[in-house]
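Here the structure is laid out as structure tokens; the discussion comes afterwards.
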Amino acid sequence: MVWRVVILVALGLVNLVLFVHMLWGSTGLMEYADLRRQLREAQEQVAELDRKNAELSNEIRWLQSDSNYLEKMIRQRLHYVRDNEILYLFSEKHTPTSGADKQ
């Protein structure tokens, strides 16, 4: 009778150890959930990079095929102007204040 109790207790402890290892071990459910989260984040990053890649590919095609678009981009990004044009550049850091703020 005593041996039965000892064997049952030993088997219960083994089950407890296996259960803890199944949940928190190096290949347990917690690690599995973390890996699934990392996979989801990586898939979102890949989707975002694919979207950006498609945008850049479209812009390359536009720059290679449309001279008006090319001129527009050169004028915007490099601040080129035609003869008799004046270019005004505004800083985005400063915002205008109203007269009520100057009291």
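Lettering and numbering for the structure tokens are positional, with chains as A, B, ... in the shown order, residues counted from 1 in each chain, and ligands counted from 1 in the shown order.
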| alpha helix (DSSP H) per DSSP on the backbone: members of chain A, as a ChimeraX atom specification | /A:2-24,29-65,67-78
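When CA of Leu35 in chain A is paired with CA of Ala47 in chain A, their separation reads 18.3 Å.
CA of Gly28 in chain A to CA of Gly12 in chain A spans 19.5 Å [interatomic distance, one decimal].
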| task | Take CA of Leu89 in chain A and CA of Glu71 in chain A and report the distance between them in Å, one decimal. | result | 18.3 Å
